[in-house]
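J.: Pasting start05.cif below, which is mmCIF, C-alpha atoms and all ligand atoms.
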```
data_data
loop_
_atom_site.label_atom_id
_atom_site.label_comp_id
_atom_site.auth_asym_id
_atom_site.auth_seq_id
_atom_site.Cartn_x
_atom_site.Cartn_y
_atom_site.Cartn_z
CA MET S 1373 0.00 0.00 0.00
CA LEU S 1374 1.24 3.54 -0.83
CA THR S 1375 0.96 4.77 2.77
CA SER S 1376 3.62 2.25 3.83
CA LEU S 1377 6.31 4.19 1.89
CA GLN S 1378 9.29 5.53 3.85
CA PRO S 1379 8.90 9.29 4.61
CA ASN S 1380 11.39 10.32 1.89
CA GLN S 1381 9.82 8.03 -0.69
CA ASP S 1382 6.39 9.25 0.37
CA PHE S 1383 7.39 12.87 -0.28
CA ALA S 1384 9.12 11.97 -3.57
CA ARG S 1385 5.98 10.14 -4.77
CA PHE S 1386 3.86 13.13 -3.71
CA VAL S 1387 6.11 15.45 -5.77
CA GLN S 1388 5.59 13.20 -8.83
CA LEU S 1389 1.83 13.03 -8.35
CA VAL S 1390 1.51 16.81 -7.94
CA LYS S 1391 3.56 17.37 -11.09
CA THR S 1392 1.35 15.04 -13.11
CA LYS S 1393 -1.85 16.61 -11.78
CA SER S 1394 -0.92 20.28 -11.96
CA GLY S 1395 2.34 20.75 -13.87
CA ILE S 1396 3.81 22.27 -10.67
CA ASP S 1397 7.27 20.81 -10.06
CA LEU S 1398 7.87 20.96 -6.30
CA ALA S 1399 11.35 19.56 -6.89
CA LEU S 1400 12.37 23.02 -8.18
CA TYR S 1401 11.55 24.63 -4.82
CA LYS S 1402 14.02 24.41 -1.90
CA GLU S 1403 13.01 21.16 -0.29
CA PRO S 1404 13.41 21.76 3.49
CA GLN S 1405 11.18 24.85 3.51
CA MET S 1406 8.60 23.38 1.15
CA LYS S 1407 8.42 20.12 3.08
CA ARG S 1408 8.09 21.93 6.40
CA ARG S 1409 5.19 24.07 5.18
CA LEU S 1410 3.33 21.20 3.56
CA ASN S 1411 4.00 18.89 6.50
CA SER S 1412 2.34 21.28 8.90
CA LEU S 1413 -0.79 21.47 6.71
CA ARG S 1414 -0.85 17.67 6.21
CA GLU S 1415 -0.63 17.11 9.97
CA ARG S 1416 -3.26 19.72 10.76
CA ARG S 1417 -5.63 18.04 8.33
CA GLY S 1418 -4.91 14.62 9.89
CA PHE S 1419 -3.29 12.71 7.01
CA ALA S 1420 -0.76 10.03 7.93
CA SER S 1421 1.26 10.41 4.72
CA PHE S 1422 1.78 12.84 1.83
CA VAL S 1423 0.28 10.32 -0.57
CA ASP S 1424 -2.89 10.12 1.54
CA PHE S 1425 -2.95 13.92 1.55
CA TYR S 1426 -2.62 13.94 -2.26
CA ASN S 1427 -5.41 11.37 -2.67
CA ALA S 1428 -7.69 13.51 -0.52
CA PHE S 1429 -7.06 16.80 -2.30
CA SER S 1430 -7.45 15.14 -5.72
CA SER S 1431 -11.16 14.88 -5.01
CA GLN S 1432 -11.60 17.93 -2.72
CA PRO S 1433 -11.14 21.28 -4.49
CA ASP S 1434 -11.13 23.22 -1.18
CA LEU S 1435 -8.31 21.11 0.20
CA TYR S 1436 -6.40 21.50 -3.08
CA ALA S 1437 -6.81 25.29 -2.84
CA GLU S 1438 -5.49 25.13 0.71
CA PHE S 1439 -2.48 23.11 -0.45
CA LEU S 1440 -1.76 25.70 -3.17
CA ASP S 1441 -2.10 28.53 -0.66
CA GLN S 1442 0.32 26.83 1.69
CA MET S 1443 2.94 26.14 -0.97
CA THR S 1444 2.88 29.56 -2.61
CA ILE S 1445 3.09 32.08 0.31
CA ASN S 1446 1.08 35.01 -0.89
CA VAL S 1447 2.18 37.78 1.45
CA SER S 1448 2.53 41.13 -0.29
CA GLU S 1449 2.02 44.84 0.27
CA PHE S 1450 1.93 48.04 -1.77
CA PHE S 1451 5.32 49.69 -2.37
CA ARG S 1452 7.03 46.90 -0.44
CA ASN S 1453 10.47 48.25 0.66
CA PRO S 1454 9.58 51.85 -0.29
CA GLN S 1455 13.19 53.04 -0.88
CA ARG S 1456 13.47 50.60 -3.81
CA TRP S 1457 10.35 52.12 -5.36
CA ASP S 1458 11.97 55.56 -5.01
CA VAL S 1459 14.83 54.23 -7.14
CA LEU S 1460 12.32 52.93 -9.65
CA ARG S 1461 10.62 56.33 -9.85
CA ASP S 1462 13.69 58.59 -9.70
CA LYS S 1463 16.25 56.64 -11.75
CA VAL S 1464 14.89 53.61 -13.57
CA PHE S 1465 11.67 54.95 -15.11
CA PRO S 1466 13.25 58.18 -16.42
CA GLU S 1467 16.06 56.12 -17.95
CA LEU S 1468 13.65 53.59 -19.44
CA MET S 1469 11.40 56.21 -20.93
CA LYS S 1470 14.23 57.61 -23.01
CA LEU S 1471 14.17 54.29 -24.87
CA SER S 1472 10.48 53.42 -24.60
CA PRO S 1473 8.05 56.28 -23.99
CA LYS S 1474 5.32 53.72 -23.16
CA PRO S 1475 7.24 50.93 -21.44
CA LYS S 1476 5.95 47.36 -21.46
CA CYS S 1477 6.10 46.06 -17.88
CA TRP S 1478 5.58 42.69 -16.18
CA SER S 1479 4.98 41.93 -12.52
CA ALA S 1480 5.87 38.23 -12.29
CA ALA S 1481 4.58 36.33 -9.21
CA CYS S 1482 2.27 39.27 -8.46
CA SER S 1483 0.29 37.60 -5.67
CA THR S 1484 -2.83 39.58 -4.71
CA GLY S 1485 -2.01 42.57 -6.94
CA GLU S 1486 -0.27 45.02 -4.61
CA GLU S 1487 2.90 45.03 -6.74
CA PRO S 1488 1.40 45.62 -10.23
CA TYR S 1489 -1.04 48.20 -8.84
CA SER S 1490 1.91 50.00 -7.18
CA MET S 1491 3.65 50.01 -10.57
CA ALA S 1492 0.55 51.42 -12.25
CA MET S 1493 0.30 54.22 -9.67
CA LEU S 1494 3.98 55.06 -10.05
CA LEU S 1495 3.71 55.04 -13.84
CA SER S 1496 0.74 57.41 -13.57
CA GLU S 1497 3.27 60.03 -12.44
CA PHE S 1498 4.80 59.81 -15.93
CA LEU S 1499 2.05 58.68 -18.26
CA GLU S 1500 -1.66 58.99 -18.96
CA LEU S 1501 -3.41 55.99 -17.42
CA ARG S 1502 -4.60 54.88 -20.87
CA ASP S 1503 -0.96 54.50 -21.98
CA ILE S 1504 0.04 52.18 -19.12
CA ARG S 1505 0.51 48.53 -20.13
CA LEU S 1506 1.19 46.09 -17.36
CA LEU S 1507 1.12 42.33 -17.36
CA ALA S 1508 0.73 40.69 -13.93
CA THR S 1509 1.04 36.94 -13.49
CA ASP S 1510 1.00 34.34 -10.75
CA LEU S 1511 0.92 30.58 -10.45
CA ASP S 1512 -2.07 30.66 -8.15
CA GLN S 1513 -5.45 31.39 -9.77
CA HIS S 1514 -6.94 32.08 -6.36
CA VAL S 1515 -4.64 35.08 -5.67
CA ILE S 1516 -5.28 36.39 -9.19
CA GLU S 1517 -8.99 36.44 -8.45
CA ARG S 1518 -8.32 38.39 -5.25
CA ALA S 1519 -6.08 40.79 -7.20
CA GLN S 1520 -8.87 41.41 -9.70
CA ILE S 1521 -11.24 42.28 -6.86
CA GLY S 1522 -8.60 44.66 -5.43
CA ASN S 1523 -9.81 45.01 -1.84
CA TYR S 1524 -7.12 45.39 0.82
CA ALA S 1525 -6.55 45.58 4.57
CA ALA S 1526 -5.09 48.79 5.99
CA ALA S 1527 -1.72 47.08 6.65
CA ALA S 1528 -1.25 46.46 2.91
CA VAL S 1529 -1.59 50.15 1.99
CA LYS S 1530 0.54 51.65 4.79
CA ASP S 1531 3.34 52.70 2.38
CA VAL S 1532 1.13 54.05 -0.40
CA PRO S 1533 2.00 57.73 -0.92
CA LYS S 1534 -0.84 59.95 0.39
CA ALA S 1535 -1.67 61.42 -3.00
CA HIS S 1536 -2.09 57.98 -4.57
CA LEU S 1537 -4.12 56.76 -1.61
CA ASN S 1538 -6.49 59.70 -2.08
CA ASN S 1539 -6.65 59.42 -5.86
CA TYR S 1540 -6.85 55.69 -6.38
CA PHE S 1541 -8.50 54.09 -3.34
CA THR S 1542 -11.91 54.26 -1.70
CA LYS S 1543 -12.07 53.53 2.01
CA GLN S 1544 -14.73 50.94 2.84
CA GLY S 1545 -14.92 50.58 6.60
CA GLU S 1546 -11.49 49.30 7.64
CA ARG S 1547 -10.58 48.24 4.09
CA TYR S 1548 -9.36 49.93 0.92
CA GLN S 1549 -10.74 49.36 -2.57
CA ILE S 1550 -8.47 50.10 -5.54
CA SER S 1551 -10.09 52.18 -8.29
CA ASP S 1552 -11.25 50.80 -11.63
CA GLN S 1553 -8.96 53.28 -13.44
CA ILE S 1554 -5.91 51.59 -11.91
CA LYS S 1555 -7.37 48.12 -12.40
CA ARG S 1556 -7.76 48.83 -16.13
CA CYS S 1557 -3.98 49.36 -16.44
CA VAL S 1558 -3.24 45.76 -15.45
CA GLN S 1559 -3.87 42.53 -17.30
CA PHE S 1560 -3.78 39.49 -14.99
CA LYS S 1561 -2.94 35.98 -16.20
CA ARG S 1562 -2.02 32.66 -14.64
CA HIS S 1563 1.62 31.84 -15.41
CA ASN S 1564 4.07 29.32 -13.97
CA LEU S 1565 7.60 30.79 -14.01
CA LEU S 1566 9.04 27.27 -13.91
CA ALA S 1567 7.10 25.78 -16.79
CA ASP S 1568 5.32 28.28 -19.06
CA ARG S 1569 6.54 30.24 -22.08
CA TYR S 1570 7.61 33.83 -21.36
CA GLU S 1571 6.36 36.77 -23.43
CA THR S 1572 9.10 38.98 -24.85
CA GLY S 1573 9.82 42.67 -25.50
CA PHE S 1574 9.59 43.87 -21.88
CA ASP S 1575 11.18 47.12 -20.75
CA LEU S 1576 10.79 46.20 -17.09
CA ILE S 1577 10.29 42.91 -15.28
CA VAL S 1578 9.59 43.02 -11.55
CA CYS S 1579 9.94 39.66 -9.81
CA ARG S 1580 10.28 39.94 -6.06
CA ASN S 1581 10.12 37.62 -3.09
CA VAL S 1582 9.56 34.41 -4.96
CA LEU S 1583 13.02 33.50 -6.28
CA ILE S 1584 14.10 32.76 -2.69
CA TYR S 1585 11.86 29.70 -2.71
CA PHE S 1586 13.50 28.12 -5.77
CA THR S 1587 16.57 25.89 -6.09
CA ASP S 1588 19.71 27.44 -7.64
CA GLU S 1589 19.13 25.45 -10.81
CA ALA S 1590 15.57 26.75 -11.14
CA LYS S 1591 16.73 30.34 -10.50
CA GLU S 1592 19.38 30.08 -13.21
CA ALA S 1593 16.78 28.93 -15.73
CA ILE S 1594 14.49 31.81 -14.73
CA PHE S 1595 17.24 34.46 -15.03
CA THR S 1596 18.05 33.18 -18.52
CA LYS S 1597 14.40 33.44 -19.53
CA PHE S 1598 14.00 36.89 -17.96
CA SER S 1599 17.00 38.11 -19.90
CA GLN S 1600 15.52 36.74 -23.14
CA ALA S 1601 12.20 38.39 -22.28
CA LEU S 1602 13.79 41.84 -21.82
CA ARG S 1603 14.57 44.30 -24.57
CA PRO S 1604 18.17 45.50 -24.69
CA GLY S 1605 18.37 48.28 -22.08
CA GLY S 1606 15.39 46.85 -20.16
CA TYR S 1607 15.49 46.35 -16.38
CA LEU S 1608 14.92 43.46 -14.00
CA PHE S 1609 13.92 44.42 -10.44
CA ILE S 1610 14.24 41.69 -7.80
CA GLY S 1611 13.53 41.33 -4.07
CA GLY S 1612 15.50 42.56 -1.06
CA THR S 1613 16.79 39.11 -0.09
CA GLU S 1614 17.60 38.10 -3.65
CA GLN S 1615 20.73 38.66 -5.67
CA ILE S 1616 22.17 37.56 -9.02
CA PHE S 1617 25.75 36.51 -8.37
CA GLN S 1618 27.04 36.59 -11.92
CA PRO S 1619 24.67 38.81 -13.86
CA GLN S 1620 27.00 38.95 -16.89
CA GLN S 1621 26.34 35.23 -17.36
CA TYR S 1622 22.80 36.21 -18.38
CA GLY S 1623 23.74 39.31 -20.39
CA LEU S 1624 22.70 41.53 -17.45
CA GLU S 1625 24.60 44.17 -15.51
CA ALA S 1626 23.95 45.32 -11.95
CA THR S 1627 22.99 49.00 -11.85
CA GLU S 1628 21.28 50.08 -8.62
CA THR S 1629 20.97 47.58 -5.74
CA PHE S 1630 18.36 44.98 -6.76
CA PHE S 1631 18.16 46.35 -10.32
CA TYR S 1632 19.80 44.70 -13.32
CA ARG S 1633 19.92 46.02 -16.84
CA LYS S 1634 20.06 43.98 -20.02
CA LYS S 1635 23.13 44.92 -22.02
CA GLN S 1636 22.43 46.92 -25.18
C1 LIG N 1701 5.58 36.23 -1.41
S1 LIG N 1701 4.60 36.40 -2.84
C2 LIG N 1701 5.41 37.77 -3.62
C3 LIG N 1701 4.43 38.83 -4.06
C4 LIG N 1701 5.07 40.11 -4.61
N1 LIG N 1701 5.94 39.84 -5.73
C5 LIG N 1701 5.82 40.86 -3.52
O1 LIG N 1701 7.05 40.88 -3.54
O2 LIG N 1701 5.18 41.43 -2.63
C6 LIG N 1701 5.14 35.01 -3.81
C7 LIG N 1701 4.21 34.70 -4.98
O3 LIG N 1701 4.89 33.80 -5.86
C8 LIG N 1701 3.92 32.96 -6.46
N2 LIG N 1701 4.60 31.78 -7.02
C9 LIG N 1701 5.12 30.71 -6.38
N3 LIG N 1701 5.63 29.83 -7.26
C10 LIG N 1701 5.42 30.38 -8.51
C11 LIG N 1701 5.73 29.94 -9.83
N4 LIG N 1701 6.33 28.78 -10.04
N5 LIG N 1701 5.37 30.74 -10.86
C12 LIG N 1701 4.73 31.93 -10.64
N6 LIG N 1701 4.42 32.40 -9.41
C13 LIG N 1701 4.77 31.61 -8.35
C14 LIG N 1701 2.99 32.65 -5.30
O4 LIG N 1701 1.73 32.19 -5.73
C15 LIG N 1701 2.92 33.99 -4.56
O5 LIG N 1701 1.80 34.73 -4.94
#
```
Starting from the coordinates I provided, produce the structure as structure tokens.

T.:
Amino acid sequence: MLTSLQPNQDFARFVQLVKTKSGIDLALYKEPQMKRRLNSLRERRGFASFVDFYNAFSSQPDLYAEFLDQMTINVSEFFRNPQRWDVLRDKVFPELMKLSPKPKCWSAACSTGEEPYSMAMLLSEFLELRDIRLLATDLDQHVIERAQIGNYAAAAVKDVPKAHLNNYFTKQGERYQISDQIKRCVQFKRHNLLADRYETGFDLIVCRNVLIYFTDEAKEAIFTKFSQALRPGGYLFIGGTEQIFQPQQYGLEATETFFYRKKQ
């Protein structure tokens, strides 16, 4: 019987089953963290093994959604690490707009929408809203649906500049609703960074606080694809705990901290 597998074999079999069901390759995520998170959910839900857990969520969409939530970590906030967004506004956007007056931007692993909506608000300081083109993608359909609704707790908006808060949000009790004008700037799509084809011709790719979950091998593949997806002179903006050790290997050069530019 499958439940009699050794713990390591049990997890390995689970990884295979999940890949076949969903195309999500858990083997490309750092194993100790991933296993710890999933283990705690499996135990809370009372399954003796990972394979039992898989069998249960195969026929229970709510449990499957809970598994996805647990594996993806959806924490986000508007203008996360605000000093980095100052660099984006004061240095990167002006530089980019010399090349592309209407830059094509991508927020990859956008979670519940705080990041692409922050980009849209920042771009509104340079462009008419109708000229803003932003793609926002995530692996998890559930967070994309929440992003499309665009309703946030006060903690998520704490770093939104006052003027943007007044212009682009409506307060609803304790919560904040993003305006339709900003929503219209962003096109949301489901996309798996580890498996799906990447669009090309981007002037800016923002991918923050997800690369830390991937193995080195997976990160290398992603950096190669990001570089191919950027136009010469385009920028990649990554998270505060992430770094590209040899950017030149991907045809990128470090400019500001956490910003890399594709060589022209
Ligand atoms: C911690 S959130 C980061 C949100 C936002 N970028 C930020 O920095 O605030 C990580 C997001 O990565 C997404 N994610 C995890 N694996 C992914 C994959 N293989 N492809 C695309 N997105 C993925 C998760 O669903 C989650 O929404």

J.: Applying 10 Å and all atoms listed in the file, which residues near region 1610-1621 of chain S remain after dropping the ones on its own chain fewer than 2 positions away? List them as a list of chain:residue names.

T.: S:Arg1452, S:Asn1453, S:Arg1456, S:Ile1577, S:Val1578, S:Cys1579, S:Arg1580, S:Asn1581, S:Val1582, S:Leu1583, S:Ile1584, S:Lys1591, S:Glu1592, S:Phe1595, S:Thr1596, S:Ser1599, S:Tyr1607, S:Leu1608, S:Gly1623, S:Leu1624, S:Glu1625, S:Ala1626, S:Thr1629, S:Phe1630, S:Phe1631, S:Tyr1632, S:Arg1633, S:Lys1634, S:Lys1635

J.: Find, counting all atoms listed in the file, the residue in S:Gln1600, S:Thr1392, S:Asn1564, S:Asn1538 that gets nearest to ligand LIG 1701 (chain N).

T.: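 For ligand LIG 1701 (chain N), the nearest of the candidates is S:Asn1564.
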
J.: Could you check how far CA of Asp1441 (chain S) sits from CA of Phe1586 (chain S), in Å to one decimal?

T.: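 Separation between CA of Asp1441 (chain S) and CA of Phe1586 (chain S): 16.4 Å.
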
J.: How many Å lie between CA of Glu1628 (chain S) and CA of Gly1605 (chain S), rounded to one decimal?

T.: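 We find that CA of Glu1628 (chain S) and CA of Gly1605 (chain S) lie 13.9 Å from each other.
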
J.: Residues at most 6 Å from ligand LIG 1701 (chain N), using all atoms listed in the file? Could they come as a PDB file with C-alpha atoms, in the coordinates of the input?

T.:
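Result file result-v6.pdb:
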```
ATOM      1  CA  THR S1444       2.880  29.560  -2.610  1.00  0.00           C
ATOM      2  CA  ILE S1445       3.090  32.080   0.310  1.00  0.00           C
ATOM      3  CA  ASN S1446       1.080  35.010  -0.890  1.00  0.00           C
ATOM      4  CA  VAL S1447       2.180  37.780   1.450  1.00  0.00           C
ATOM      5  CA  SER S1448       2.530  41.130  -0.290  1.00  0.00           C
ATOM      6  CA  GLU S1449       2.020  44.840   0.270  1.00  0.00           C
ATOM      7  CA  ALA S1481       4.580  36.330  -9.210  1.00  0.00           C
ATOM      8  CA  CYS S1482       2.270  39.270  -8.460  1.00  0.00           C
ATOM      9  CA  SER S1483       0.290  37.600  -5.670  1.00  0.00           C
ATOM     10  CA  GLU S1487       2.900  45.030  -6.740  1.00  0.00           C
ATOM     11  CA  ASP S1510       1.000  34.340 -10.750  1.00  0.00           C
ATOM     12  CA  LEU S1511       0.920  30.580 -10.450  1.00  0.00           C
ATOM     13  CA  ASP S1512      -2.070  30.660  -8.150  1.00  0.00           C
ATOM     14  CA  HIS S1563       1.620  31.840 -15.410  1.00  0.00           C
ATOM     15  CA  ASN S1564       4.070  29.320 -13.970  1.00  0.00           C
ATOM     16  CA  LEU S1565       7.600  30.790 -14.010  1.00  0.00           C
ATOM     17  CA  LEU S1566       9.040  27.270 -13.910  1.00  0.00           C
ATOM     18  CA  CYS S1579       9.940  39.660  -9.810  1.00  0.00           C
ATOM     19  CA  ARG S1580      10.280  39.940  -6.060  1.00  0.00           C
ATOM     20  CA  ASN S1581      10.120  37.620  -3.090  1.00  0.00           C
ATOM     21  CA  VAL S1582       9.560  34.410  -4.960  1.00  0.00           C
TER      22      VAL S1582
END
```

J.: Between CA of Asn1539 (chain S) and CA of Ile1521 (chain S), what is the distance, to one decimal in Å?

T.: 17.8 Å

J.: Ranking S:Ile1516, S:Ala1601, S:Ala1527, S:Cys1477 by minimum distance to Leu1576 (chain S) and counting only C-alpha atoms, which one comes first?

T.: S:Cys1477

J.: Nearest residue to Asp1458 (chain S) out of S:Ser1490, S:Thr1509, S:Ser1551, S:Thr1484, using all atoms listed in the file?

T.: S:Ser1490

J.: Compile the contact shell of region 1500-1508 of chain S as JSON, numbers by chain: residues with an atom at most 12 Å away, counting all atoms listed in the file, same-chain residues fewer than 6 positions apart removed.

T.: {"S": [1472, 1473, 1474, 1475, 1476, 1477, 1478, 1479, 1480, 1481, 1482, 1483, 1484, 1485, 1486, 1487, 1488, 1489, 1490, 1491, 1492, 1493, 1494, 1515, 1516, 1517, 1519, 1520, 1540, 1551, 1552, 1553, 1554, 1555, 1556, 1557, 1558, 1559, 1560, 1561, 1562, 1563, 1564, 1570, 1571, 1572, 1573, 1574, 1575, 1576, 1577, 1578, 1579]}

J.: Find the residues around Leu1410 (chain S) up to 12 Å (all atoms listed in the file counted), leave out those fewer than 4 positions away in its own chain, and share them as a VMD selection string.

T.: chain S and resid 1383 1386 to 1387 1398 1403 to 1406 1414 to 1417 1419 1421 to 1422 1425 to 1426 1436 1438 to 1445

J.: Let me know the centre plus edge lengths, in Å and rounded to one decimal, of a box with edges along x, y and z that contains all listed atoms of region 1534-1543 of chain S and is padded by 4 Å on every side, as JSON.

T.:
```
{"center_x": -6.5, "center_y": 57.5, "center_z": -2.2, "size_x": 19.2, "size_y": 15.9, "size_z": 16.4}
```

J.: Any chance you could model all heavy atoms for region 1389-1398 of chain S and send them as a compact mmCIF listing (two decimals), in the frame of the given file?

T.:
```
# COMPACT_ATOMS: atom_id res chain seq x y z
N LEU S 1389 3.28 12.99 -8.14
CA LEU S 1389 1.83 13.03 -8.35
C LEU S 1389 1.36 14.46 -8.58
O LEU S 1389 0.56 14.74 -9.48
CB LEU S 1389 1.10 12.44 -7.12
CG LEU S 1389 1.25 10.92 -6.93
CD1 LEU S 1389 0.79 10.49 -5.53
CD2 LEU S 1389 0.43 10.17 -7.99
N VAL S 1390 1.90 15.40 -7.79
CA VAL S 1390 1.51 16.81 -7.94
C VAL S 1390 1.91 17.31 -9.32
O VAL S 1390 1.16 18.02 -9.99
CB VAL S 1390 2.13 17.68 -6.82
CG1 VAL S 1390 1.97 19.16 -7.11
CG2 VAL S 1390 1.53 17.34 -5.46
N LYS S 1391 3.10 16.91 -9.77
CA LYS S 1391 3.56 17.37 -11.09
C LYS S 1391 2.63 16.87 -12.19
O LYS S 1391 2.27 17.60 -13.11
CB LYS S 1391 4.99 16.90 -11.33
CG LYS S 1391 5.59 17.55 -12.57
CD LYS S 1391 7.04 17.30 -12.70
CE LYS S 1391 7.55 17.91 -13.99
NZ LYS S 1391 8.90 17.50 -14.31
N THR S 1392 2.23 15.60 -12.09
CA THR S 1392 1.35 15.04 -13.11
C THR S 1392 -0.02 15.73 -13.08
O THR S 1392 -0.58 16.06 -14.12
CB THR S 1392 1.17 13.52 -12.88
OG1 THR S 1392 2.46 12.97 -12.77
CG2 THR S 1392 0.40 12.85 -13.99
N LYS S 1393 -0.52 16.00 -11.88
CA LYS S 1393 -1.85 16.61 -11.78
C LYS S 1393 -1.86 18.07 -12.24
O LYS S 1393 -2.75 18.50 -12.95
CB LYS S 1393 -2.33 16.54 -10.32
CG LYS S 1393 -3.66 17.26 -10.06
CD LYS S 1393 -4.06 17.15 -8.59
CE LYS S 1393 -5.14 18.13 -8.19
NZ LYS S 1393 -6.44 17.87 -8.82
N SER S 1394 -0.82 18.83 -11.82
CA SER S 1394 -0.92 20.28 -11.96
C SER S 1394 0.16 20.91 -12.81
O SER S 1394 0.09 22.10 -13.12
CB SER S 1394 -0.84 20.91 -10.56
OG SER S 1394 0.46 20.65 -10.04
N GLY S 1395 1.21 20.16 -13.16
CA GLY S 1395 2.34 20.75 -13.87
C GLY S 1395 3.27 21.50 -12.92
O GLY S 1395 4.29 22.05 -13.34
N ILE S 1396 2.95 21.55 -11.63
CA ILE S 1396 3.81 22.27 -10.67
C ILE S 1396 4.90 21.30 -10.19
O ILE S 1396 4.60 20.24 -9.64
CB ILE S 1396 2.99 22.78 -9.47
CG1 ILE S 1396 1.95 23.78 -9.94
CG2 ILE S 1396 3.91 23.39 -8.41
CD1 ILE S 1396 0.94 24.17 -8.86
N ASP S 1397 6.16 21.70 -10.42
CA ASP S 1397 7.27 20.81 -10.06
C ASP S 1397 7.84 21.25 -8.71
O ASP S 1397 8.69 22.14 -8.63
CB ASP S 1397 8.33 20.87 -11.16
CG ASP S 1397 9.38 19.79 -10.96
OD1 ASP S 1397 9.36 19.12 -9.88
OD2 ASP S 1397 10.22 19.61 -11.85
N LEU S 1398 7.40 20.58 -7.65
CA LEU S 1398 7.87 20.96 -6.30
C LEU S 1398 9.36 20.70 -6.13
O LEU S 1398 9.99 21.28 -5.25
CB LEU S 1398 7.08 20.18 -5.24
CG LEU S 1398 5.58 20.48 -5.17
CD1 LEU S 1398 4.89 19.55 -4.18
CD2 LEU S 1398 5.34 21.93 -4.75
```
